[in-house]
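J.: Enclosed is the structure file target.txt (compact mmCIF, C-alpha atoms and all ligand atoms).
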# COMPACT_ATOMS: atom_id res chain seq x y z
CA MET A 90 0.00 0.00 0.00
CA ALA A 91 1.28 3.48 -0.82
CA LYS A 92 2.40 5.56 2.13
CA THR A 93 0.78 8.84 3.05
CA SER A 94 2.93 11.82 2.17
CA THR A 95 3.81 12.38 5.84
CA GLU A 96 4.87 8.77 6.26
CA LEU A 97 6.87 8.95 3.06
CA SER A 98 8.52 12.21 4.17
CA LYS A 99 9.52 10.59 7.47
CA PHE A 100 10.85 7.55 5.69
CA LEU A 101 12.88 9.71 3.28
CA SER A 102 14.28 11.75 6.19
CA PHE A 103 15.29 8.52 7.91
CA VAL A 104 17.14 7.02 4.95
CA LEU A 105 18.53 10.25 3.42
CA ARG A 106 19.67 11.88 6.67
CA HIS A 107 20.38 9.09 9.10
CA LYS A 108 20.29 5.46 8.01
CA PRO A 109 20.74 4.80 4.28
CA ASP A 110 22.13 1.41 5.35
CA ALA A 111 18.69 0.41 6.62
CA ILE A 112 17.69 -0.34 3.02
CA GLY A 113 21.20 -0.88 1.62
CA LEU A 114 21.25 2.55 -0.01
CA THR A 115 24.46 4.45 -0.72
CA LEU A 116 24.73 8.24 -0.56
CA ASP A 117 27.53 10.00 -2.39
CA ALA A 118 29.82 12.44 -0.60
CA GLN A 119 27.33 15.26 -1.15
CA GLY A 120 24.42 13.24 0.20
CA TRP A 121 22.79 12.34 -3.13
CA ALA A 122 21.05 9.00 -3.70
CA ASP A 123 19.99 7.58 -7.04
CA VAL A 124 16.20 7.91 -7.23
CA ALA A 125 15.58 4.64 -9.10
CA ASP A 126 17.84 2.75 -6.68
CA LEU A 127 16.12 4.34 -3.67
CA ILE A 128 12.66 3.35 -4.94
CA GLU A 129 13.73 -0.20 -5.77
CA ARG A 130 15.41 -0.76 -2.40
CA ALA A 131 12.59 0.83 -0.41
CA ASN A 132 9.98 -1.29 -2.18
CA ALA A 133 12.06 -4.43 -1.67
CA ALA A 134 12.27 -3.58 2.03
CA GLY A 135 8.48 -3.18 2.26
CA THR A 136 8.04 0.60 1.99
CA ARG A 137 6.03 0.83 -1.21
CA PHE A 138 5.82 3.96 -3.29
CA GLU A 139 6.35 5.11 -6.85
CA LEU A 140 8.26 7.88 -8.54
CA ALA A 141 5.14 10.08 -8.67
CA ASP A 142 4.69 9.73 -4.87
CA LEU A 143 8.29 10.75 -4.27
CA GLU A 144 8.05 13.71 -6.64
CA ALA A 145 4.85 14.85 -4.91
CA VAL A 146 6.56 14.76 -1.49
CA VAL A 147 9.54 16.75 -2.77
CA GLU A 148 7.19 19.33 -4.25
CA THR A 149 4.69 19.68 -1.40
CA ASN A 150 6.82 19.08 1.71
CA ASP A 151 6.17 21.87 4.20
CA LYS A 152 9.84 22.54 4.83
CA LYS A 153 11.21 21.60 1.41
CA ARG A 154 13.20 18.89 3.16
CA PHE A 155 14.31 17.15 -0.05
CA THR A 156 15.96 18.32 -3.25
CA LEU A 157 15.86 16.61 -6.63
CA SER A 158 18.80 17.15 -8.98
CA ASP A 159 18.05 19.12 -12.14
CA ASP A 160 17.76 15.94 -14.20
CA GLY A 161 15.46 14.41 -11.56
CA LYS A 162 17.64 11.32 -11.22
CA ARG A 163 19.10 12.03 -7.78
CA ILE A 164 17.62 13.14 -4.47
CA ARG A 165 19.09 14.38 -1.21
CA ALA A 166 17.93 15.81 2.11
CA ALA A 167 18.42 19.59 2.13
CA GLN A 168 19.80 19.52 5.68
CA GLY A 169 19.49 17.74 9.02
CA HIS A 170 21.92 14.88 8.34
CA SER A 171 23.57 12.78 11.00
CA VAL A 172 25.51 10.73 8.42
CA THR A 173 28.66 12.42 7.13
CA VAL A 174 27.94 14.46 4.03
CA GLU A 175 29.54 17.50 2.47
CA LEU A 176 26.68 19.52 1.07
CA ASP A 177 29.18 21.76 -0.77
CA LEU A 178 27.15 24.86 -0.05
CA PRO A 179 29.05 28.06 -0.80
CA PRO A 180 29.64 30.41 2.15
CA GLN A 181 27.07 33.20 2.18
CA THR A 182 26.67 36.55 3.88
CA PRO A 183 23.83 36.19 6.37
CA PRO A 184 21.21 38.79 7.27
CA ASP A 185 22.46 40.91 10.19
CA ILE A 186 20.25 39.00 12.61
CA LEU A 187 19.27 35.35 12.52
CA TYR A 188 17.03 33.50 14.98
CA HIS A 189 17.17 30.20 16.80
CA GLY A 190 14.23 28.65 18.63
CA THR A 191 14.89 26.41 21.59
CA ALA A 192 13.26 25.30 24.84
CA ASP A 193 13.72 27.23 28.07
CA ARG A 194 15.28 24.25 29.84
CA PHE A 195 18.27 24.34 27.45
CA LEU A 196 19.05 28.01 28.18
CA PRO A 197 21.57 27.60 31.02
CA SER A 198 23.66 25.25 28.91
CA ILE A 199 23.28 27.36 25.75
CA LEU A 200 24.20 30.59 27.51
CA SER A 201 27.38 29.01 28.85
CA GLN A 202 28.48 26.92 25.83
CA GLY A 203 26.72 28.70 23.00
CA LEU A 204 24.68 26.87 20.38
CA THR A 205 26.28 23.58 19.37
CA PRO A 206 25.07 21.16 16.66
CA GLN A 207 23.96 18.39 19.05
CA GLY A 208 22.98 15.42 16.86
CA ARG A 209 23.20 17.37 13.60
CA HIS A 210 26.14 18.62 11.55
CA GLN A 211 25.63 22.30 12.17
CA VAL A 212 23.49 24.69 14.16
CA HIS A 213 20.21 25.56 12.37
CA LEU A 214 19.10 29.19 12.23
CA SER A 215 16.24 30.99 10.50
CA ARG A 216 15.78 34.45 9.12
CA ASP A 217 12.37 34.89 10.78
CA ARG A 218 11.13 34.63 14.33
CA ALA A 219 8.01 32.63 13.45
CA THR A 220 10.10 29.73 12.17
CA ALA A 221 12.32 29.88 15.25
CA HIS A 222 9.26 29.81 17.49
CA ALA A 223 7.90 26.72 15.72
CA VAL A 224 11.29 24.97 15.93
CA GLY A 225 11.60 25.78 19.65
CA GLN A 226 8.11 24.51 20.39
CA ARG A 227 9.13 21.02 19.28
CA HIS A 228 11.36 20.82 22.36
CA GLY A 229 9.19 22.40 25.08
CA LYS A 230 8.42 25.92 26.26
CA PRO A 231 9.81 27.97 23.36
CA VAL A 232 12.42 30.69 23.71
CA ILE A 233 13.70 32.69 20.75
CA LEU A 234 17.36 33.66 20.62
CA SER A 235 18.71 36.41 18.35
CA VAL A 236 22.05 35.69 16.77
CA ASP A 237 24.27 38.63 15.83
CA ALA A 238 25.18 37.07 12.51
CA ALA A 239 26.87 40.19 11.15
CA ALA A 240 29.26 40.31 14.11
CA MET A 241 29.87 36.58 13.88
CA GLN A 242 30.81 36.87 10.24
CA SER A 243 33.11 39.81 11.00
CA ALA A 244 34.75 37.59 13.60
CA GLY A 245 35.51 35.00 10.90
CA ASN A 246 32.63 32.57 11.29
CA THR A 247 31.14 31.03 8.14
CA PHE A 248 27.48 30.67 7.21
CA HIS A 249 25.79 28.53 4.58
CA VAL A 250 22.19 28.34 3.37
CA ALA A 251 20.67 24.92 2.81
CA ASP A 252 18.62 24.27 -0.34
CA ASN A 253 15.49 24.97 1.73
CA GLY A 254 16.56 28.32 3.18
CA VAL A 255 17.75 27.13 6.62
CA TRP A 256 20.92 28.98 7.70
CA LEU A 257 23.74 26.79 9.00
CA THR A 258 26.86 27.51 11.03
CA ASP A 259 29.21 25.41 13.14
CA HIS A 260 28.85 27.06 16.54
CA VAL A 261 27.32 30.22 17.92
CA PRO A 262 29.42 31.43 20.88
CA PRO A 263 27.39 32.90 23.76
CA ALA A 264 28.72 36.41 23.10
CA PHE A 265 26.61 36.58 19.92
CA LEU A 266 23.36 35.44 21.56
CA THR A 267 20.56 37.53 23.03
CA ILE A 268 17.22 36.32 24.33
CA ALA A 269 14.84 37.93 21.84
C1 LIG B 1 19.58 22.72 21.61
C2 LIG B 1 13.68 20.70 12.19
C3 LIG B 1 21.91 22.47 25.30
C4 LIG B 1 18.97 23.45 20.45
C5 LIG B 1 13.51 22.16 12.47
C6 LIG B 1 17.83 22.51 20.11
C7 LIG B 1 14.88 22.74 12.24
C8 LIG B 1 21.54 22.98 23.10
C9 LIG B 1 18.38 21.14 20.42
C10 LIG B 1 15.81 21.59 12.38
C11 LIG B 1 22.84 23.53 23.00
C12 LIG B 1 18.79 20.37 19.20
C13 LIG B 1 16.76 21.77 13.53
C14 LIG B 1 23.67 23.52 24.14
C15 LIG B 1 21.87 23.74 21.09
N1 LIG B 1 23.15 22.98 25.26
N2 LIG B 1 21.08 22.46 24.24
N3 LIG B 1 24.91 24.02 24.13
N4 LIG B 1 23.01 23.98 21.74
N5 LIG B 1 20.96 23.13 21.91
O1 LIG B 1 16.26 19.14 16.64
O2 LIG B 1 17.61 23.51 15.82
O3 LIG B 1 11.83 18.65 10.86
O4 LIG B 1 18.79 18.88 16.60
O5 LIG B 1 18.53 24.74 20.84
O6 LIG B 1 12.54 22.74 11.67
O7 LIG B 1 15.76 22.32 17.13
O8 LIG B 1 14.24 18.01 10.98
O9 LIG B 1 17.83 21.11 16.29
O10 LIG B 1 16.72 22.79 20.92
O11 LIG B 1 15.05 23.33 10.99
O12 LIG B 1 13.33 19.06 8.90
O13 LIG B 1 19.54 21.36 21.23
O14 LIG B 1 14.97 20.45 12.62
O15 LIG B 1 13.55 20.42 10.85
O16 LIG B 1 17.62 19.98 18.53
O17 LIG B 1 16.04 21.91 14.74
P1 LIG B 1 17.59 19.67 16.98
P2 LIG B 1 16.78 22.30 16.08
P3 LIG B 1 13.22 18.94 10.37
Here is a file; write its structure as structure tokens.
Ligand code: HQG

T.:
Amino acid sequence: MAKTSTELSKFLSFVLRHKPDAIGLTLDAQGWADVADLIERANAAGTRFELADLEAVVETNDKKRFTLSDDGKRIRAAQGHSVTVELDLPPQTPPDILYHGTADRFLPSILSQGLTPQGRHQVHLSRDRATAHAVGQRHGKPVILSVDAAAMQSAGNTFHVADNGVWLTDHVPPAFLTIA
């Protein structure tokens, strides 16, 4: 039976970000998987869907989590990996202020160590407060932090934008954080 688009999105996140091995899939160094191979292996492993289902998820996913290559033959997760990938995103100049949503219980640790990637490759930041609020709410009572991205860049830190507009950086030291 075909998966719902939410189930399929979760499955794709699982194999493209975290566990390609679960279905014997191989990602290249930049995180791309061959679409035909992915579909064949997923179906063989019992997660049944077709190319049209996958294309619909890529197109309609609320956070644009997945990117198809221009020729449509390869797919990757835009961000959020725990497997080692080099997304090869060029460094970009961020807006002066970026936002990060978290839960209030993490504040003492964040204010002493800064924002660290935890289980992901990099720290995830957004250009708008509403997104940060929604991200923070996933963890508990939300708190929005402002990141002085302009000052961070002046201090030599590098920023990248994922294919879906999420801003990424390695570490935000506490000096650049303010409770917004
Ligand atoms: C917190 C979702 C203690 C950090 C969203 C966060 C996002 C610390 C949690 C994307 C800390 C990690 C990423 C420190 C950071 N001490 N806690 N020093 N530094 N934290 O889920 O940013 O659905 O890994 O504040 O929309 O919440 O996956 O990161 O609360 O874009 O597509 O540790 O995940 O997108 O949590 O979310 P996460 P995140 P997807």

J.: Which of these residues is nearest to Thr182 of chain A, using all atoms listed in the file: A:Ala269, A:Leu97, A:Met241, A:Leu200?

T.: A:Met241

J.: So which residues are near ligand LIG 1 (chain B), meaning at most 7 Å away with only C-alpha atoms and all ligand atoms counted, given back as a ChimeraX atom specification?

T.: /A:152,154,169,189-192,195-196,198-199,202-209,212-214,224-225,228,255

J.: Give me, as an MDAnalysis selection string, all polymer residues having an atom no more than 12 Å from Glu139 of chain A, counting all atoms listed in the file and skipping those fewer than 5 positions away in the same chain.

T.: chainID A and resid 90:94 97 124:132 144:146

J.: List the spatial neighbours of Lys99 of chain A as a short mmCIF file (atom, residue, chain, number, x, y, z; two decimals) with C-alpha atoms, in the coordinates of the input - criterion: any atom at most 12 Å away, all atoms listed in the file, same-chain residues fewer than 2 positions off excluded.

T.:
data_model
loop_
_atom_site.label_atom_id
_atom_site.label_comp_id
_atom_site.auth_asym_id
_atom_site.auth_seq_id
_atom_site.Cartn_x
_atom_site.Cartn_y
_atom_site.Cartn_z
CA LYS A 92 2.40 5.56 2.13
CA THR A 93 0.78 8.84 3.05
CA SER A 94 2.93 11.82 2.17
CA THR A 95 3.81 12.38 5.84
CA GLU A 96 4.87 8.77 6.26
CA LEU A 97 6.87 8.95 3.06
CA LEU A 101 12.88 9.71 3.28
CA SER A 102 14.28 11.75 6.19
CA PHE A 103 15.29 8.52 7.91
CA VAL A 104 17.14 7.02 4.95
CA LEU A 105 18.53 10.25 3.42
CA ARG A 106 19.67 11.88 6.67
CA HIS A 107 20.38 9.09 9.10
CA LYS A 108 20.29 5.46 8.01
CA THR A 136 8.04 0.60 1.99
CA LEU A 143 8.29 10.75 -4.27
CA VAL A 146 6.56 14.76 -1.49
CA VAL A 147 9.54 16.75 -2.77
CA ASN A 150 6.82 19.08 1.71
CA ARG A 154 13.20 18.89 3.16
CA PHE A 155 14.31 17.15 -0.05
CA ALA A 166 17.93 15.81 2.11
#

J.: Record the distance separating atom CA of Leu157 of chain A and atom CA of Trp121 of chain A, expressed in Å with one decimal.

T.: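 Result for atom CA of Leu157 of chain A versus atom CA of Trp121 of chain A: 8.9 Å, one decimal.
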
J.: When you draw a straight line from atom CA of Gly135 of chain A to atom CA of Ile112 of chain A, how long is it in Å?

T.: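 So the answer is 9.7 Å.
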
J.: Any idea what's packed within 10 Å of Asp117 of chain A, counting all atoms listed in the file, ignoring anything in its chain fewer than 3 positions away? Could you give it as a PyMOL selection string?

T.: chain A and resi 120-123+165+173-175

J.: Of the residues A:Ala118, A:Ala223, A:Val250, A:Leu187, which is the one nearest to Asp237 of chain A, using only C-alpha atoms?

T.: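 Nearest to Asp237 of chain A: A:Leu187.
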
J.: By how many Å are atom CA of Asn246 of chain A and atom CA of Gln168 of chain A apart?

T.: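 These two atoms are separated by 19.1 Å.
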
J.: Can you list, as a compact mmCIF listing (two decimals) with C-alpha atoms, keeping the file's coordinate frame, every protein, DNA or RNA residue that comes within 10 Å of Arg216 of chain A when you count only C-alpha atoms, leaving out same-chain residues fewer than 6 positions away?

T.:
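The result, written out as result-v7.txt:
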# COMPACT_ATOMS: atom_id res chain seq x y z
CA PRO A 183 23.83 36.19 6.37
CA PRO A 184 21.21 38.79 7.27
CA ASP A 185 22.46 40.91 10.19
CA ILE A 186 20.25 39.00 12.61
CA LEU A 187 19.27 35.35 12.52
CA TYR A 188 17.03 33.50 14.98
CA HIS A 189 17.17 30.20 16.80
CA SER A 235 18.71 36.41 18.35
CA VAL A 236 22.05 35.69 16.77
CA GLY A 254 16.56 28.32 3.18
CA VAL A 255 17.75 27.13 6.62
CA TRP A 256 20.92 28.98 7.70
